[in-house]
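Enquirer: Handing over my_file_16.txt, compact mmCIF, C-alpha atoms and all ligand atoms.
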# COMPACT_ATOMS: atom_id res chain seq x y z
CA MET A 1 -22.04 13.89 -19.69
CA ALA A 2 -20.03 11.19 -18.00
CA HIS A 3 -16.81 10.26 -19.73
CA THR A 4 -15.35 6.78 -19.89
CA ILE A 5 -12.54 6.33 -17.45
CA LEU A 6 -11.09 2.84 -17.84
CA GLY A 7 -9.63 2.54 -14.33
CA LEU A 8 -6.44 3.55 -12.59
CA HIS A 9 -3.42 4.45 -14.71
CA HIS A 10 -0.70 5.24 -12.14
CA VAL A 11 -0.02 6.79 -8.75
CA THR A 12 2.87 9.20 -8.22
CA ALA A 13 4.57 10.08 -4.92
CA THR A 14 7.38 12.22 -3.61
CA VAL A 15 9.95 10.05 -1.85
CA ASN A 16 13.28 10.62 -0.17
CA ASP A 17 16.36 8.65 -1.28
CA ALA A 18 16.56 7.22 -4.81
CA GLN A 19 18.56 4.09 -3.94
CA THR A 20 16.36 3.27 -0.95
CA ASP A 21 13.29 3.64 -3.14
CA LEU A 22 14.69 1.30 -5.80
CA ASP A 23 15.69 -1.27 -3.20
CA PHE A 24 12.28 -1.26 -1.56
CA CYS A 25 10.17 -1.38 -4.69
CA ILE A 26 12.33 -3.85 -6.61
CA GLU A 27 13.90 -6.07 -3.97
CA GLN A 28 11.25 -5.95 -1.25
CA LEU A 29 8.00 -5.65 -3.21
CA GLY A 30 9.24 -7.42 -6.35
CA MET A 31 8.07 -4.78 -8.80
CA ARG A 32 9.80 -4.18 -12.12
CA LEU A 33 11.44 -0.84 -12.84
CA VAL A 34 9.87 -0.15 -16.23
CA LYS A 35 11.31 3.31 -16.78
CA LYS A 36 14.18 5.35 -15.39
CA THR A 37 13.72 8.92 -16.51
CA VAL A 38 13.64 12.39 -14.97
CA ASN A 39 10.89 14.56 -13.61
CA PHE A 40 9.74 16.38 -16.75
CA ASP A 41 9.21 19.49 -14.61
CA ASN A 42 12.65 19.25 -12.91
CA HIS A 43 15.27 17.30 -14.82
CA ASN A 44 17.65 17.09 -11.85
CA VAL A 45 15.32 14.64 -10.12
CA PHE A 46 14.72 11.03 -11.19
CA HIS A 47 11.32 9.75 -12.13
CA PHE A 48 11.04 6.02 -11.52
CA TYR A 49 8.12 4.01 -12.90
CA TYR A 50 7.49 0.58 -11.40
CA GLY A 51 4.99 -1.98 -12.63
CA THR A 52 4.62 -5.47 -13.99
CA GLU A 53 6.43 -6.64 -17.13
CA LYS A 54 5.06 -4.07 -19.57
CA GLY A 55 4.07 -1.39 -17.10
CA LEU A 56 0.48 -1.50 -18.27
CA PRO A 57 -1.90 1.19 -17.03
CA GLY A 58 -3.29 0.17 -13.66
CA THR A 59 -0.06 -1.48 -12.55
CA ILE A 60 2.15 1.59 -12.27
CA TRP A 61 3.61 3.16 -9.13
CA THR A 62 5.91 6.12 -9.79
CA THR A 63 8.23 8.14 -7.57
CA PHE A 64 10.20 11.38 -7.53
CA PRO A 65 13.15 10.89 -5.13
CA TYR A 66 13.69 14.43 -3.87
CA LYS A 67 16.41 13.81 -1.26
CA GLY A 68 18.88 16.69 -1.11
CA TYR A 69 16.62 19.30 -2.67
CA GLY A 70 15.32 20.86 0.53
CA VAL A 71 11.82 19.45 0.11
CA ARG A 72 10.03 19.26 3.46
CA VAL A 73 8.40 16.14 4.81
CA GLY A 74 4.76 16.23 3.73
CA THR A 75 1.65 15.79 5.85
CA LYS A 76 -1.01 13.28 4.96
CA GLY A 77 -4.43 14.86 5.18
CA ALA A 78 -7.55 16.07 3.45
CA GLY A 79 -7.29 16.68 -0.27
CA GLN A 80 -4.83 13.90 -0.96
CA VAL A 81 -4.38 10.25 -1.81
CA VAL A 82 -3.35 8.95 1.61
CA THR A 83 -3.01 5.22 0.88
CA THR A 84 -2.01 3.21 -2.17
CA ALA A 85 -3.06 -0.43 -2.26
CA PHE A 86 -1.52 -3.16 -4.40
CA SER A 87 -3.21 -6.41 -5.34
CA VAL A 88 -1.87 -9.85 -4.41
CA PRO A 89 -3.52 -13.30 -4.40
CA ALA A 90 -5.68 -13.84 -1.30
CA GLY A 91 -3.56 -16.75 -0.13
CA ALA A 92 -0.35 -14.73 -0.38
CA LEU A 93 -0.95 -12.34 2.51
CA ASP A 94 0.78 -14.61 5.04
CA TYR A 95 3.81 -14.77 2.77
CA TRP A 96 3.88 -10.96 2.66
CA ARG A 97 3.44 -10.65 6.42
CA GLY A 98 6.54 -12.78 6.85
CA ARG A 99 8.54 -11.17 4.08
CA LEU A 100 7.90 -7.67 5.39
CA ARG A 101 8.55 -8.60 9.02
CA ASP A 102 11.82 -10.27 8.00
CA ALA A 103 12.83 -6.90 6.55
CA ALA A 104 11.86 -5.14 9.82
CA VAL A 105 8.84 -3.51 8.20
CA ARG A 106 5.99 -3.15 10.71
CA VAL A 107 2.83 -4.76 9.39
CA GLU A 108 -0.59 -3.59 10.58
CA GLU A 109 -3.88 -5.42 10.26
CA PRO A 110 -6.70 -3.00 9.48
CA GLY A 111 -9.17 -5.88 9.04
CA PRO A 112 -11.17 -6.99 6.01
CA ARG A 113 -12.49 -4.37 3.62
CA PHE A 114 -15.38 -5.03 1.23
CA GLY A 115 -14.72 -8.75 1.54
CA ASN A 116 -10.94 -8.71 1.07
CA ASP A 117 -8.20 -9.11 3.67
CA VAL A 118 -5.77 -6.21 3.85
CA ILE A 119 -2.36 -5.59 5.41
CA ARG A 120 -0.79 -2.17 5.67
CA PHE A 121 2.75 -0.88 6.15
CA ASP A 122 4.90 2.16 5.45
CA ASP A 123 7.44 2.45 2.68
CA PRO A 124 10.89 3.88 3.66
CA SER A 125 9.66 7.43 3.02
CA GLY A 126 6.60 6.99 5.21
CA LEU A 127 4.08 6.45 2.43
CA TRP A 128 1.10 4.32 3.46
CA PHE A 129 0.92 1.11 1.43
CA GLU A 130 -1.55 -1.75 1.59
CA LEU A 131 -1.66 -5.19 0.07
CA VAL A 132 -5.17 -6.40 -0.69
CA GLY A 133 -5.69 -10.15 -1.08
CA THR A 134 -8.01 -11.06 -3.93
CA ASP A 135 -8.54 -14.08 -6.14
CA GLN A 136 -10.36 -12.00 -8.75
CA ASP A 137 -7.29 -10.31 -10.24
CA TYR A 138 -6.21 -12.09 -13.41
CA ARG A 139 -3.43 -9.72 -14.47
CA GLU A 140 -0.05 -11.25 -15.20
CA PRO A 141 2.42 -10.46 -12.39
CA TRP A 142 6.13 -9.70 -12.72
CA THR A 143 8.25 -12.42 -11.15
CA GLY A 144 11.70 -11.26 -12.15
CA ASN A 145 12.88 -10.32 -8.65
CA GLY A 146 12.51 -13.52 -6.69
CA VAL A 147 8.87 -13.26 -5.69
CA ARG A 148 7.01 -16.29 -7.00
CA ILE A 149 3.97 -16.15 -9.26
CA GLY A 150 1.60 -17.27 -6.51
CA GLU A 151 2.57 -14.32 -4.36
CA ALA A 152 3.62 -11.53 -6.68
CA VAL A 153 1.96 -8.14 -6.92
CA ARG A 154 -0.58 -7.97 -9.76
CA GLY A 155 -0.61 -4.18 -9.95
CA LEU A 156 -2.47 -1.41 -8.21
CA HIS A 157 -5.58 -2.47 -6.36
CA SER A 158 -6.96 0.93 -5.32
CA VAL A 159 -6.19 4.24 -3.72
CA THR A 160 -7.83 5.92 -0.76
CA LEU A 161 -8.65 9.62 -1.06
CA LEU A 162 -9.18 11.57 2.15
CA VAL A 163 -11.60 14.51 1.92
CA ARG A 164 -13.51 16.59 4.45
CA ARG A 165 -16.80 16.16 2.59
CA SER A 166 -17.23 13.19 0.32
CA ALA A 167 -20.50 14.23 -1.38
CA PRO A 168 -18.97 16.77 -3.82
CA THR A 169 -16.13 14.39 -4.70
CA LEU A 170 -18.52 11.50 -5.30
CA GLU A 171 -20.88 13.66 -7.34
CA PHE A 172 -17.97 14.80 -9.53
CA MET A 173 -16.54 11.31 -9.99
CA THR A 174 -19.89 9.76 -10.90
CA SER A 175 -21.31 12.53 -13.07
CA VAL A 176 -18.16 13.63 -14.93
CA LEU A 177 -15.73 10.69 -14.81
CA GLY A 178 -18.24 7.87 -15.09
CA TYR A 179 -17.46 6.18 -11.76
CA GLU A 180 -20.11 4.06 -10.04
CA VAL A 181 -20.56 3.66 -6.31
CA VAL A 182 -19.94 -0.02 -5.59
CA GLY A 183 -19.60 -0.11 -1.81
CA GLU A 184 -20.24 1.87 1.37
CA ALA A 185 -18.98 1.19 4.87
CA ALA A 186 -18.94 3.79 7.66
CA ASN A 187 -17.14 6.86 6.26
CA ARG A 188 -15.69 4.98 3.26
CA THR A 189 -17.37 4.93 -0.16
CA ARG A 190 -15.94 2.77 -2.91
CA VAL A 191 -16.29 3.82 -6.54
CA ALA A 192 -15.16 1.91 -9.62
CA ALA A 193 -14.69 2.61 -13.31
CA GLY A 194 -14.34 -0.07 -15.96
CA GLY A 195 -15.50 -2.79 -13.53
CA ASN A 196 -15.42 -3.38 -9.79
CA SER A 197 -12.06 -5.11 -9.61
CA ALA A 198 -8.43 -4.53 -8.70
CA GLY A 199 -6.96 -1.62 -10.63
CA HIS A 200 -10.35 0.01 -11.15
CA VAL A 201 -11.24 1.05 -7.63
CA ILE A 202 -11.00 4.26 -5.61
CA ASP A 203 -12.11 4.62 -1.99
CA VAL A 204 -13.28 8.04 -0.83
CA VAL A 205 -12.95 8.47 2.93
CA GLU A 206 -14.69 11.40 4.60
CA ASP A 207 -13.32 13.05 7.74
CA PRO A 208 -14.65 16.56 8.44
CA GLU A 209 -11.92 17.07 11.05
CA ALA A 210 -8.98 16.03 8.87
CA THR A 211 -6.11 18.48 8.69
CA PRO A 212 -5.30 19.72 5.18
CA ALA A 213 -2.65 17.75 3.34
CA VAL A 214 0.77 19.29 2.77
CA ASN A 215 2.69 18.09 -0.26
CA GLY A 216 6.22 16.84 0.41
CA LEU A 217 8.41 13.82 1.07
CA GLY A 218 6.38 10.74 1.94
CA THR A 219 3.13 11.87 0.34
CA VAL A 220 1.31 11.00 -2.86
CA HIS A 221 1.43 13.79 -5.40
CA HIS A 222 -1.43 12.67 -7.66
CA VAL A 223 -3.44 9.75 -8.93
CA ALA A 224 -3.86 9.18 -12.66
CA MET A 225 -6.80 7.47 -14.33
CA ALA A 226 -6.72 5.92 -17.78
CA ILE A 227 -8.70 7.07 -20.80
CA ALA A 228 -8.73 5.23 -24.12
CA THR A 229 -7.82 7.89 -26.67
CA PRO A 230 -6.50 11.44 -27.07
CA GLU A 231 -9.87 12.38 -28.59
CA GLU A 232 -11.75 11.24 -25.49
CA GLN A 233 -9.22 13.07 -23.35
CA LEU A 234 -9.86 16.30 -25.25
CA ALA A 235 -13.63 15.88 -24.93
CA LEU A 236 -13.23 15.42 -21.16
CA ARG A 237 -10.99 18.45 -21.02
CA GLU A 238 -13.59 20.58 -22.80
CA ASP A 239 -16.28 19.47 -20.37
CA LEU A 240 -14.05 20.25 -17.39
CA VAL A 241 -13.44 23.73 -18.78
CA SER A 242 -17.17 24.27 -19.29
CA LEU A 243 -17.77 23.21 -15.68
CA GLY A 244 -15.36 25.90 -14.51
CA CYS A 245 -12.72 23.37 -13.49
CA SER A 246 -9.14 24.55 -13.80
CA VAL A 247 -7.46 21.99 -16.05
CA THR A 248 -4.04 22.01 -17.70
CA GLU A 249 -3.36 21.80 -21.39
CA VAL A 250 -2.55 18.33 -22.70
CA ARG A 251 1.02 17.57 -21.65
CA ASP A 252 3.32 15.18 -23.49
CA ARG A 253 4.65 12.67 -20.94
CA CYS A 254 6.31 10.59 -23.72
CA TYR A 255 4.73 7.34 -22.49
CA PHE A 256 1.22 8.85 -22.36
CA GLN A 257 -0.50 12.22 -22.77
CA SER A 258 -1.89 13.85 -19.66
CA ILE A 259 -4.23 16.48 -18.32
CA TYR A 260 -4.31 17.53 -14.66
CA PHE A 261 -7.04 19.06 -12.51
CA ARG A 262 -8.28 19.01 -8.92
CA GLU A 263 -11.49 17.27 -7.89
CA PRO A 264 -13.78 19.21 -5.52
CA GLY A 265 -12.11 17.73 -2.41
CA GLY A 266 -8.73 19.07 -3.53
CA VAL A 267 -7.06 15.86 -4.68
CA LEU A 268 -4.89 16.29 -7.78
CA PHE A 269 -6.17 14.06 -10.58
CA GLU A 270 -4.47 13.25 -13.86
CA VAL A 271 -6.18 11.61 -16.81
CA ALA A 272 -3.68 9.82 -19.03
CA THR A 273 -3.90 7.99 -22.34
CA ILE A 274 -3.07 4.30 -22.77
CA GLU A 275 -0.73 4.87 -25.71
CA PRO A 276 2.09 4.85 -26.54
CA GLY A 277 3.34 3.07 -23.41
CA PHE A 278 6.80 2.30 -22.07
CA THR A 279 8.14 0.45 -25.11
CA VAL A 280 8.09 3.64 -27.17
CA ASP A 281 11.79 4.28 -26.45
CA GLU A 282 13.10 0.92 -25.12
CA GLU A 283 12.66 -2.73 -25.93
CA LEU A 284 10.41 -4.67 -23.58
CA ALA A 285 13.27 -6.82 -22.30
CA LEU A 286 15.38 -3.76 -21.51
CA LEU A 287 12.78 -1.56 -19.80
CA GLY A 288 14.30 0.43 -16.96
CA ARG A 289 17.91 -0.35 -17.76
CA ASP A 290 19.10 2.98 -19.17
CA LEU A 291 18.31 6.58 -18.33
CA LYS A 292 15.70 7.66 -20.86
CA LEU A 293 15.10 11.33 -21.50
CA PRO A 294 12.35 13.07 -23.45
CA PRO A 295 13.64 14.43 -26.78
CA TRP A 296 13.64 18.01 -25.50
CA GLU A 297 15.99 17.09 -22.62
CA GLU A 298 18.56 15.15 -24.67
CA GLN A 299 20.64 18.30 -25.24
CA TYR A 300 21.17 18.44 -21.43
CA ARG A 301 21.98 14.73 -20.99
CA ALA A 302 25.60 15.17 -19.87
CA ALA A 303 24.69 17.66 -17.16
CA ILE A 304 21.64 15.67 -16.10
CA GLU A 305 23.67 12.47 -15.72
CA THR A 306 26.30 14.33 -13.68
CA ASN A 307 23.70 15.84 -11.33
CA LEU A 308 21.61 12.74 -10.67
CA PRO A 309 22.66 10.48 -7.79
CA SER A 310 24.27 7.23 -8.90
CA VAL A 311 22.08 4.21 -8.32
CA VAL A 312 22.45 0.46 -8.69
CA TYR A 313 19.75 -2.14 -9.14
CA ARG A 314 19.11 -5.32 -11.03
ZN ZN A 401 1.28 11.23 -13.30
Just dump the structure as structure tokens.
Expert:
Amino acid sequence: MAHTILGLHHVTATVNDAQTDLDFCIEQLGMRLVKKTVNFDNHNVFHFYYGTEKGLPGTIWTTFPYKGYGVRVGTKGAGQVVTTAFSVPAGALDYWRGRLRDAAVRVEEPGPRFGNDVIRFDDPSGLWFELVGTDQDYREPWTGNGVRIGEAVRGLHSVTLLVRRSAPTLEFMTSVLGYEVVGEAANRTRVAAGGNSAGHVIDVVEDPEATPAVNGLGTVHHVAMAIATPEEQLALREDLVSLGCSVTEVRDRCYFQSIYFREPGGVLFEVATIEPGFTVDEELALLGRDLKLPPWEEQYRAAIETNLPSVVYR
């Protein structure tokens, strides 16, 4: 039985320096820091969540800045999200070309994709980012960092998964997760859940010769999809178990509940609930200002604050 995935929830990557990451995402890309917390699996490392005002599912980019912890530089390859695309208005791409070039960021032109213009560039850790120009994205952007409403990022557009064989991945995504194939071009197949629009789209790219991905700095760790309720999440989990898929228990991420599993091509998937969201422990106007810890980490707050690098941002 296919379950009802609503679209993308967030994308999480391992990056290098915390301050550099904040500067790039906030100052350069104009995103809002909606939560400053720690990696729930390693409380000596920050976990930054960026999004639009409320950090709604489908707008969220998250990073673990692992500088100084001996984490190797990763390799992009098969079994991984290799590219994360953000959505901007179609007419804003020239603005972004200029803004990025002014910041000495090299902009590449991969050409139109499924009817939308695209530019691509690397973030400071070497992650592959794209901006997709579309006039069909009606989500409210965040304009608090000097990027105007006509140009600001609307949220995630899509991610690109690289796999050696796309058929098993596509079969899994359509039969279990309720995705529909909405586009095919050369070795790229586009699937969508909850509508064929920005924030709902995943591209599966097949390359039988691709080297296997190696997790590390400058690579995406996982992509999370949104599901409406904890009950639906549990039903999906039961089906995954019955299919022989190795899936985690439900984990409390404070801002959502999550399960994790690998799709047949090896990409780490998370399915996360919509509720309770980022205002569960901070007022909307203050999101991202203070270091927020899950209740079970509060007893270690003093040590955690001492060990984390100091960062500044607006
Ligand atoms: Zn996640």
Enquirer: Which residues, written as a VMD selection string, have at least one atom at most 12 Å from Arg165 in chain A, with all atoms listed in the file counted and residues fewer than 6 positions away on the same chain left out?
Expert: chain A and resid 78 to 79 171 187 to 189 204 to 210 263 to 266
Enquirer: Nearest to ligand ZN 401 (chain A) among A:Glu180, A:Asp252, A:Glu305, A:Glu283, with distances taken over only C-alpha atoms and all ligand atoms: which residue is it?
Expert: A:Asp252
Enquirer: Using all atoms listed in the file, determine which residues lie at most 8 Å from Asp123 in chain A, disregarding the query and same-chain residues fewer than 5 positions distant; provide the list as a list in words.
Expert: Phe24, Trp128 and Phe129 of chain A
Enquirer: Got time to write the residues from that selection, C-alpha atoms, as a tab-separated table (two decimals), keeping the file's coordinate frame?
Expert:
chain	number	residue	atom	x	y	z
A	24	PHE	CA	12.28	-1.26	-1.56
A	128	TRP	CA	1.10	4.32	3.46
A	129	PHE	CA	0.92	1.11	1.43
Enquirer: Env of Pro110 in chain A: 8 Å cut, atoms = all atoms listed in the file, seq-sep filter 6 positions within chain, self excluded. Answer as a ChimeraX atom specification.
Expert: /A:118-120
Enquirer: Enumerate residues in contact with ligand ZN 401 (chain A): an atom-to-atom distance of at most 9 Å, counting only C-alpha atoms and all ligand atoms. Format the result as a PyMOL selection string.
Expert: chain A and resi 9-12+62+221-225+253+258+260+269-272
Enquirer: May I ask which of the residues A:Ser166, A:Ser175, A:Asn116, A:Gln28 is the closest one to Arg101 in chain A, counting all atoms listed in the file?
Expert: A:Gln28
Enquirer: Tell me which of A:Val241, A:Val247, A:Val181, A:Cys25 sits closest to Asp122 in chain A, counting only C-alpha atoms.
Expert: A:Cys25
Enquirer: Of the residues A:Ile202, A:Ala13, A:Leu162, A:Val71, which is the one nearest to Phe48 in chain A, using all atoms listed in the file?
Expert: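 Once distances to Phe48 in chain A are computed over all atoms listed in the file, the minimum belongs to A:Ala13.
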Enquirer: So, counting only C-alpha atoms, which residue among A:Asp102, A:Asp23, A:Glu231, A:Glu108 is closest to Phe121 in chain A?
Expert: A:Glu108
Enquirer: With the input short on atoms, add N, CA, C and O atoms back to range 172-193 of chain A and write it as a PDB file, in the coordinates of the input.
Expert:
ATOM      1  N   PHE A 172     -18.862  14.506  -8.398  1.00  0.00           N
ATOM      2  CA  PHE A 172     -17.970  14.800  -9.530  1.00  0.00           C
ATOM      3  C   PHE A 172     -17.516  13.508 -10.209  1.00  0.00           C
ATOM      4  O   PHE A 172     -17.559  13.382 -11.442  1.00  0.00           O
ATOM      5  N   MET A 173     -17.089  12.544  -9.401  1.00  0.00           N
ATOM      6  CA  MET A 173     -16.540  11.310  -9.990  1.00  0.00           C
ATOM      7  C   MET A 173     -17.608  10.519 -10.734  1.00  0.00           C
ATOM      8  O   MET A 173     -17.329   9.905 -11.771  1.00  0.00           O
ATOM      9  N   THR A 174     -18.841  10.529 -10.223  1.00  0.00           N
ATOM     10  CA  THR A 174     -19.890   9.760 -10.900  1.00  0.00           C
ATOM     11  C   THR A 174     -20.453  10.510 -12.098  1.00  0.00           C
ATOM     12  O   THR A 174     -20.694   9.908 -13.141  1.00  0.00           O
ATOM     13  N   SER A 175     -20.632  11.822 -11.981  1.00  0.00           N
ATOM     14  CA  SER A 175     -21.310  12.530 -13.070  1.00  0.00           C
ATOM     15  C   SER A 175     -20.360  12.898 -14.210  1.00  0.00           C
ATOM     16  O   SER A 175     -20.751  12.914 -15.379  1.00  0.00           O
ATOM     17  N   VAL A 176     -19.094  13.184 -13.882  1.00  0.00           N
ATOM     18  CA  VAL A 176     -18.160  13.630 -14.930  1.00  0.00           C
ATOM     19  C   VAL A 176     -17.250  12.493 -15.395  1.00  0.00           C
ATOM     20  O   VAL A 176     -16.979  12.356 -16.586  1.00  0.00           O
ATOM     21  N   LEU A 177     -16.740  11.698 -14.460  1.00  0.00           N
ATOM     22  CA  LEU A 177     -15.730  10.690 -14.810  1.00  0.00           C
ATOM     23  C   LEU A 177     -16.313   9.288 -14.999  1.00  0.00           C
ATOM     24  O   LEU A 177     -15.580   8.353 -15.300  1.00  0.00           O
ATOM     25  N   GLY A 178     -17.610   9.147 -14.800  1.00  0.00           N
ATOM     26  CA  GLY A 178     -18.240   7.870 -15.090  1.00  0.00           C
ATOM     27  C   GLY A 178     -18.029   6.789 -14.038  1.00  0.00           C
ATOM     28  O   GLY A 178     -18.243   5.601 -14.322  1.00  0.00           O
ATOM     29  N   TYR A 179     -17.607   7.178 -12.841  1.00  0.00           N
ATOM     30  CA  TYR A 179     -17.460   6.180 -11.760  1.00  0.00           C
ATOM     31  C   TYR A 179     -18.839   5.779 -11.234  1.00  0.00           C
ATOM     32  O   TYR A 179     -19.793   6.544 -11.303  1.00  0.00           O
ATOM     33  N   GLU A 180     -18.898   4.557 -10.699  1.00  0.00           N
ATOM     34  CA  GLU A 180     -20.110   4.060 -10.040  1.00  0.00           C
ATOM     35  C   GLU A 180     -19.794   3.752  -8.595  1.00  0.00           C
ATOM     36  O   GLU A 180     -18.717   3.210  -8.292  1.00  0.00           O
ATOM     37  N   VAL A 181     -20.727   4.052  -7.706  1.00  0.00           N
ATOM     38  CA  VAL A 181     -20.560   3.660  -6.310  1.00  0.00           C
ATOM     39  C   VAL A 181     -20.799   2.150  -6.226  1.00  0.00           C
ATOM     40  O   VAL A 181     -21.836   1.653  -6.671  1.00  0.00           O
ATOM     41  N   VAL A 182     -19.819   1.436  -5.669  1.00  0.00           N
ATOM     42  CA  VAL A 182     -19.940  -0.020  -5.590  1.00  0.00           C
ATOM     43  C   VAL A 182     -19.872  -0.541  -4.163  1.00  0.00           C
ATOM     44  O   VAL A 182     -20.018  -1.739  -3.933  1.00  0.00           O
ATOM     45  N   GLY A 183     -19.643   0.351  -3.193  1.00  0.00           N
ATOM     46  CA  GLY A 183     -19.600  -0.110  -1.810  1.00  0.00           C
ATOM     47  C   GLY A 183     -19.606   1.049  -0.837  1.00  0.00           C
ATOM     48  O   GLY A 183     -19.051   2.116  -1.142  1.00  0.00           O
ATOM     49  N   GLU A 184     -20.251   0.839   0.324  1.00  0.00           N
ATOM     50  CA  GLU A 184     -20.240   1.870   1.370  1.00  0.00           C
ATOM     51  C   GLU A 184     -20.078   1.180   2.707  1.00  0.00           C
ATOM     52  O   GLU A 184     -20.734   0.173   2.984  1.00  0.00           O
ATOM     53  N   ALA A 185     -19.199   1.728   3.530  1.00  0.00           N
ATOM     54  CA  ALA A 185     -18.980   1.190   4.870  1.00  0.00           C
ATOM     55  C   ALA A 185     -18.474   2.325   5.745  1.00  0.00           C
ATOM     56  O   ALA A 185     -17.403   2.869   5.485  1.00  0.00           O
ATOM     57  N   ALA A 186     -19.279   2.680   6.770  1.00  0.00           N
ATOM     58  CA  ALA A 186     -18.940   3.790   7.660  1.00  0.00           C
ATOM     59  C   ALA A 186     -18.637   5.035   6.823  1.00  0.00           C
ATOM     60  O   ALA A 186     -19.438   5.441   5.998  1.00  0.00           O
ATOM     61  N   ASN A 187     -17.452   5.612   6.988  1.00  0.00           N
ATOM     62  CA  ASN A 187     -17.140   6.860   6.260  1.00  0.00           C
ATOM     63  C   ASN A 187     -16.406   6.604   4.952  1.00  0.00           C
ATOM     64  O   ASN A 187     -15.815   7.514   4.377  1.00  0.00           O
ATOM     65  N   ARG A 188     -16.414   5.363   4.489  1.00  0.00           N
ATOM     66  CA  ARG A 188     -15.690   4.980   3.260  1.00  0.00           C
ATOM     67  C   ARG A 188     -16.682   4.627   2.160  1.00  0.00           C
ATOM     68  O   ARG A 188     -17.547   3.779   2.347  1.00  0.00           O
ATOM     69  N   THR A 189     -16.542   5.264   0.997  1.00  0.00           N
ATOM     70  CA  THR A 189     -17.370   4.930  -0.160  1.00  0.00           C
ATOM     71  C   THR A 189     -16.442   4.464  -1.277  1.00  0.00           C
ATOM     72  O   THR A 189     -15.451   5.131  -1.591  1.00  0.00           O
ATOM     73  N   ARG A 190     -16.763   3.319  -1.824  1.00  0.00           N
ATOM     74  CA  ARG A 190     -15.940   2.770  -2.910  1.00  0.00           C
ATOM     75  C   ARG A 190     -16.592   3.054  -4.249  1.00  0.00           C
ATOM     76  O   ARG A 190     -17.785   2.777  -4.429  1.00  0.00           O
ATOM     77  N   VAL A 191     -15.807   3.610  -5.173  1.00  0.00           N
ATOM     78  CA  VAL A 191     -16.290   3.820  -6.540  1.00  0.00           C
ATOM     79  C   VAL A 191     -15.382   3.046  -7.492  1.00  0.00           C
ATOM     80  O   VAL A 191     -14.209   2.769  -7.178  1.00  0.00           O
ATOM     81  N   ALA A 192     -15.930   2.694  -8.636  1.00  0.00           N
ATOM     82  CA  ALA A 192     -15.160   1.910  -9.620  1.00  0.00           C
ATOM     83  C   ALA A 192     -15.486   2.411 -11.019  1.00  0.00           C
ATOM     84  O   ALA A 192     -16.574   2.900 -11.281  1.00  0.00           O
ATOM     85  N   ALA A 193     -14.505   2.299 -11.897  1.00  0.00           N
ATOM     86  CA  ALA A 193     -14.690   2.610 -13.310  1.00  0.00           C
ATOM     87  C   ALA A 193     -14.097   1.470 -14.126  1.00  0.00           C
ATOM     88  O   ALA A 193     -13.012   0.981 -13.817  1.00  0.00           O
TER      89      ALA A 193
END
